[in-house]
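Student: Handing you a structure now.
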Amino acid sequence: MAREDTPLDQAVFDSTLAAELAKGSDRRVAEGRARSAAVRAYKAAHPEEAEAAPAPAAAAPAPAAAAPAAPAAVAAAPAATAVAVATPVTTPVRTAPLPTGNIPTPKKGADDKHRLLALVPPEGIQRVEREQGDRVNVWPHLLIEEFVAMLILTAGLLVFSTFLMAPLRQLANPNLTPNPSKAPWYFLGLQELLRYFHPMVAGIVIPTFILVVLAAVPYVDRNPSTKPGDRKIAISMFTVLFCFGATLTIIGCFFRGPGYNWIWPWAQGVFFDL
Amino acid sequence: MKLKPPSPSELGDRLRDTEVWKSIFRPGSIFRRGYKDTSRDRALATMNNVLYHLHPVKVKRHGLKLTYTFCLGGLSFFLFILLTITGIFLMFFYRPMADIGGAVAYADMQSIRTTVFFGDLVRNLHRWGAHLMVFSVTLHMARVFYTGAYKPPREFNWVVGVILLFLTLGLSFTGYLLPWDQLAIWAVTVGTSLGGYAPFIAKQANFLLLGGVVVGPQTLLRWYVLHVLALPFVLVIFLAVHFWRIRKDGGISGPL
């Protein structure tokens with residue numbers, strides 16, 4: 001029987017779906033739970049159909065006494081927990097095939113094999129309370145995405161490296177200071193600060209402060225929400241600081257020329273090497 | 001009876017039935033015969049591969065969205081691998097020696113550019129890749145901040161990430177000196193002079209780091225060892241912790 005034409009109780013479906021969505025479940029999860037509750041409710045209300053259906057006979061209908069309980073329970077507690085909804089009210093009785101009495105006898109000369117059957121006490125089982133959620137297999141979905149990203153990066157870097165030569169200047173000469181002398185680009189924001197602050201502040205205090213504050217971010221920002229709307233202060237502070245650092249770095253890279261004085265890159269040229 | 005040569009597909013099947021092939025590719029490998037596109041075999045494909053098993057078997061669907069991660073963390077890791085490979089190549093042709101009167105390091109740089117087969121391309125890849133890695137690690141940090149991915153239980157992994165950013169800068173900065181040209185020593189001179197004002201320990205720290213009072217041949221050797229061995233070693237340890245904590249903290253953060 002196809003999934004679409006399984007008869008279900010529409011009222012139970014709607015109420016369970018609404019309850020699940022109100023609880024904040026994922027839509028797919030909510031729909032699945034609503035469907036299972038509705039199908040169960042329908043089967044409980046129509047035991048005769050379940051018997052007539054060509055479904056496997058192992059899933060026998062539940063006692064009729066329990067039947068009206070299912071829709072009632074769901075309807076009475078629309079905000080019921082997931083466990084309550086998922087608990088089958090009508091427990092299907094599964095009948096195992098009867099033992100045949102034919103105990104297999106090992107062939108002569110065969111290896112002496114044995115099987116172990118372990119009994120695990122209930123308290124020995126670790127219960128993991130976790131939402132299954134909406135998950136996909138890493139292979140192929142994620143791995144293909146990563147592979148394509150890697151290919152694009154490699155291709156881009158190869159093309160870039162084929163046409164753009166990395167700089168190599170004259171042999172190092174400790175007696176000949178080039179003008180201007182710049183640090184690598186990621187330190188140029190700090191070098192820029194050196195124009196305004198004492199070297200002790202620009203070279204030690206501020207970098208140390210940045211690293212310590214960065215590391216402390218998760219312990220200072222105790223707001224549990226990850227929604228951008230709830231994090232306006234954190235996001236704006238980070239954005240301002242990030243843009244501030246980026247601006248200082250760009251100034252240091254392109255707007256500083258001989259003597260580390262201010263220049264316009266389009267007028268006096270670029271004094272910057274990567 | 002005429003003997004017909006086996007078709008390529010038959011040949012492939014026979015090859016994949018050999019004991020050697022089956023011993024290399026574990027059950028569930030997509031290269032093994034009988035791989036079926038089922039949930040079970042997809043799970044095995046991840047679990048039974050030494051590279052892929054860094055990943056869990058399943059991830060949250062929203063984590064696949066390009067606009068959530070922009071692949072920045074993964075690409076930073078990939079750049080690290082690329083830099084390791086190109087770096088090993090360069091190590092064959094480079095000696096970190098710069099004594100007075102004979103700058104071997106600089107001469108080696110010139111020969112890498114001119115005489116070594118593909119030397120200039122590999123050196124370009126190494127240099128541009130290094131700059132790109134600093135850039136991508138920074139952007140990865142910004143992405144993690146904007147998605148709030150540092151919030152409990154991921155606080156400590158953010159701290160590990162800050163350490164990794166610091167190590168990435170250290171790797172890039174120590175590598176900057178190695179060409180031993182005017183650009184290298186003066187950028188490093190300026191960069192280390194920034195740290196020369198540290199209270200109490202400035203002189204000692206600078207002396208330890210530079211192997212002298214100014215950037216010289218001793219500095220080159222020290223920074224070479226830091227660049228090719230010490231810092232990558234420390235970085236790999238923190239990378240391992242970083243990846244392990246991602247799994248232990250419940251995989252990718254979100255959804256928003």
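Each chain in the structure tokens gets a letter, A, B, ..., in the order shown, and its residues are numbered from 1; ligands are numbered from 1 in order too.
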With only C-alpha atoms considered, list every residue of chain B at most 6 Å from chain A, as a list in words.
Tutor: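 Taking only C-alpha atoms into account, Arg42, Val57, Lys58, Val59, Lys60, Arg61, Asn124, Leu125, Gly148, Tyr150, Lys151, Glu155, Val159, Trp180, Asp181, Gln182, Ala187, Val190, Gly191, Leu194, Gly195, Tyr197, Ala198 and Leu256 of chain B sit within 6 Å of chain A.
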Student: I'd like the interatomic distance between CA of Ile210 in chain A and CA of Leu165 in chain B, to a tenth of an Å.
Tutor: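 Straight-line distance from CA of Ile210 in chain A to CA of Leu165 in chain B works out to 12.2 Å.
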Student: Can you work out the spacing between CA of Ser9 in chain B and CA of Ala45 in chain B in Å, to one decimal?
Tutor: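 Result for CA of Ser9 in chain B versus CA of Ala45 in chain B: 22.4 Å, one decimal.
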Student: List the spatial neighbours of Ile85 in chain B as a ChimeraX atom specification - criterion: any atom at most 12 Å away, only C-alpha atoms, same-chain residues fewer than 4 positions off excluded.
Tutor: /B:78-81,89-92,122-123,125-126,129,228
Student: For the residues in the current selection, export C-alpha atoms as a PDB file, in the first residue's frame.
Tutor:
```pdb
ATOM      1  CA  PHE B  78      42.608  22.164   2.771  1.00  0.00           C
ATOM      2  CA  LEU B  79      44.945  25.147   2.344  1.00  0.00           C
ATOM      3  CA  PHE B  80      46.999  23.848   5.256  1.00  0.00           C
ATOM      4  CA  ILE B  81      47.353  20.503   3.442  1.00  0.00           C
ATOM      5  CA  PHE B  89      58.593  20.245  -2.277  1.00  0.00           C
ATOM      6  CA  LEU B  90      60.328  23.560  -1.532  1.00  0.00           C
ATOM      7  CA  MET B  91      62.309  22.024   1.332  1.00  0.00           C
ATOM      8  CA  PHE B  92      64.173  19.835  -1.160  1.00  0.00           C
ATOM      9  CA  VAL B 122      55.125  25.727  -6.515  1.00  0.00           C
ATOM     10  CA  ARG B 123      56.661  28.713  -4.756  1.00  0.00           C
ATOM     11  CA  LEU B 125      51.275  28.413  -4.847  1.00  0.00           C
ATOM     12  CA  HIS B 126      52.935  28.305  -1.435  1.00  0.00           C
ATOM     13  CA  GLY B 129      48.133  29.975  -0.536  1.00  0.00           C
ATOM     14  CA  VAL B 228      58.703  23.782   8.968  1.00  0.00           C
TER      15      VAL B 228
END
```
Student: Which residues come within 12 Å of Tyr35 in chain B, counting only C-alpha atoms, excluding same-chain residues fewer than 5 positions away, as a VMD selection string?
Tutor: chain B and resid 16 25 to 30 40 to 45
Student: Only N, CA, C and O atoms, please: the residues just picked out, written as a CSV table (one decimal), in the first residue's frame.
Tutor:
```csv
chain,number,residue,atom,x,y,z
B,16,ARG,N,37.9,-6.4,-9.2
B,16,ARG,CA,37.3,-6.1,-7.9
B,16,ARG,C,37.0,-7.3,-7.1
B,16,ARG,O,36.6,-7.2,-5.9
B,25,PHE,N,40.0,-2.3,0.0
B,25,PHE,CA,38.8,-1.5,0.2
B,25,PHE,C,37.8,-2.2,1.1
B,25,PHE,O,37.3,-3.3,0.9
B,26,ARG,N,37.5,-1.6,2.3
B,26,ARG,CA,36.7,-2.2,3.3
B,26,ARG,C,35.3,-2.3,2.9
B,26,ARG,O,34.9,-1.6,1.9
B,27,PRO,N,34.5,-3.1,3.5
B,27,PRO,CA,33.1,-3.2,3.1
B,27,PRO,C,32.4,-1.8,3.2
B,27,PRO,O,32.7,-1.1,4.1
B,28,GLY,N,31.6,-1.5,2.2
B,28,GLY,CA,30.9,-0.2,2.2
B,28,GLY,C,31.7,0.8,1.3
B,28,GLY,O,31.1,1.8,1.0
B,29,SER,N,32.9,0.4,1.0
B,29,SER,CA,33.6,1.4,0.1
B,29,SER,C,32.9,1.4,-1.2
B,29,SER,O,32.4,0.5,-1.8
B,30,ILE,N,32.9,2.6,-1.8
B,30,ILE,CA,32.2,2.8,-3.1
B,30,ILE,C,33.0,2.1,-4.2
B,30,ILE,O,32.5,1.9,-5.3
B,40,ARG,N,22.7,2.1,4.5
B,40,ARG,CA,23.7,1.3,5.2
B,40,ARG,C,25.1,1.5,4.5
B,40,ARG,O,26.1,1.8,5.2
B,41,ASP,N,25.1,1.3,3.2
B,41,ASP,CA,26.4,1.4,2.5
B,41,ASP,C,26.9,2.9,2.5
B,41,ASP,O,28.1,3.1,2.5
B,42,ARG,N,25.9,3.8,2.5
B,42,ARG,CA,26.4,5.2,2.6
B,42,ARG,C,27.0,5.5,3.9
B,42,ARG,O,28.1,6.2,4.0
B,43,ALA,N,26.5,4.9,5.0
B,43,ALA,CA,27.1,5.1,6.3
B,43,ALA,C,28.5,4.4,6.3
B,43,ALA,O,29.4,5.0,6.8
B,44,LEU,N,28.5,3.2,5.8
B,44,LEU,CA,29.8,2.5,5.8
B,44,LEU,C,30.9,3.2,5.0
B,44,LEU,O,32.0,3.2,5.3
B,45,ALA,N,30.4,3.9,3.9
B,45,ALA,CA,31.4,4.6,3.1
B,45,ALA,C,32.1,5.7,3.9
B,45,ALA,O,33.3,6.0,3.7
```
Student: CA of Asp13 in chain B to CA of Arg32 in chain B: how many Å, to one decimal?
Tutor: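 Pair CA of Asp13 in chain B / CA of Arg32 in chain B returns 9.5 Å.
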Student: Which residue gives the smallest distance to Phe272 in chain A among B:Leu183, B:Ile252, B:Met97, B:Ala202, with only C-alpha atoms counted?
Tutor: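 Result for the nearest residue to Phe272 in chain A: B:Leu183.
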Student: Residues within 9 Å of Gly161 in chain B, please, as a PyMOL selection string. Count only C-alpha atoms; anything in the same chain fewer than 2 positions from it doesn't count.
Tutor: (chain A and resi 215) or (chain B and resi 137+141+156-159+163-166+238-239+242)
Student: Go through A:Ala19, A:Phe209, A:Leu8, A:Pro265 one by one, measure the shortest atom-to-atom distance of each to Ile250 in chain A using only C-alpha atoms, and give the residue with the smallest value.
Tutor: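 The shortest atom-to-atom distance to Ile250 in chain A comes from A:Pro265.
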Student: I want to know what sits within 8 Å of Ile251 in chain A, based on only C-alpha atoms, with residues of the same chain fewer than 4 positions away left out; could you give that as a list in words?
Tutor: Gly189, Glu192, Thr247, Phe255 and Arg256 of chain A
Student: Take the selection from the previous step and output its residues with N, CA, C and O atoms, as a CSV table (one decimal), in the first residue's frame.
Tutor:
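The file below, result-v1.csv, is the result:
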```csv
chain,number,residue,atom,x,y,z
A,189,GLY,N,47.7,46.8,10.3
A,189,GLY,CA,46.8,47.5,11.2
A,189,GLY,C,47.5,48.0,12.4
A,189,GLY,O,47.3,49.1,12.9
A,192,GLU,N,49.9,50.7,11.7
A,192,GLU,CA,49.1,51.9,11.5
A,192,GLU,C,48.9,52.6,12.9
A,192,GLU,O,49.0,53.8,13.1
A,247,THR,N,39.8,48.5,8.1
A,247,THR,CA,40.1,49.8,7.6
A,247,THR,C,41.6,50.2,7.9
A,247,THR,O,42.3,50.6,7.0
A,255,PHE,N,47.5,53.2,1.6
A,255,PHE,CA,47.5,54.7,1.8
A,255,PHE,C,48.8,55.2,2.5
A,255,PHE,O,48.8,56.3,3.0
A,256,ARG,N,49.8,54.3,2.6
A,256,ARG,CA,51.0,54.8,3.3
A,256,ARG,C,52.2,54.6,2.3
A,256,ARG,O,52.4,53.5,1.8
```
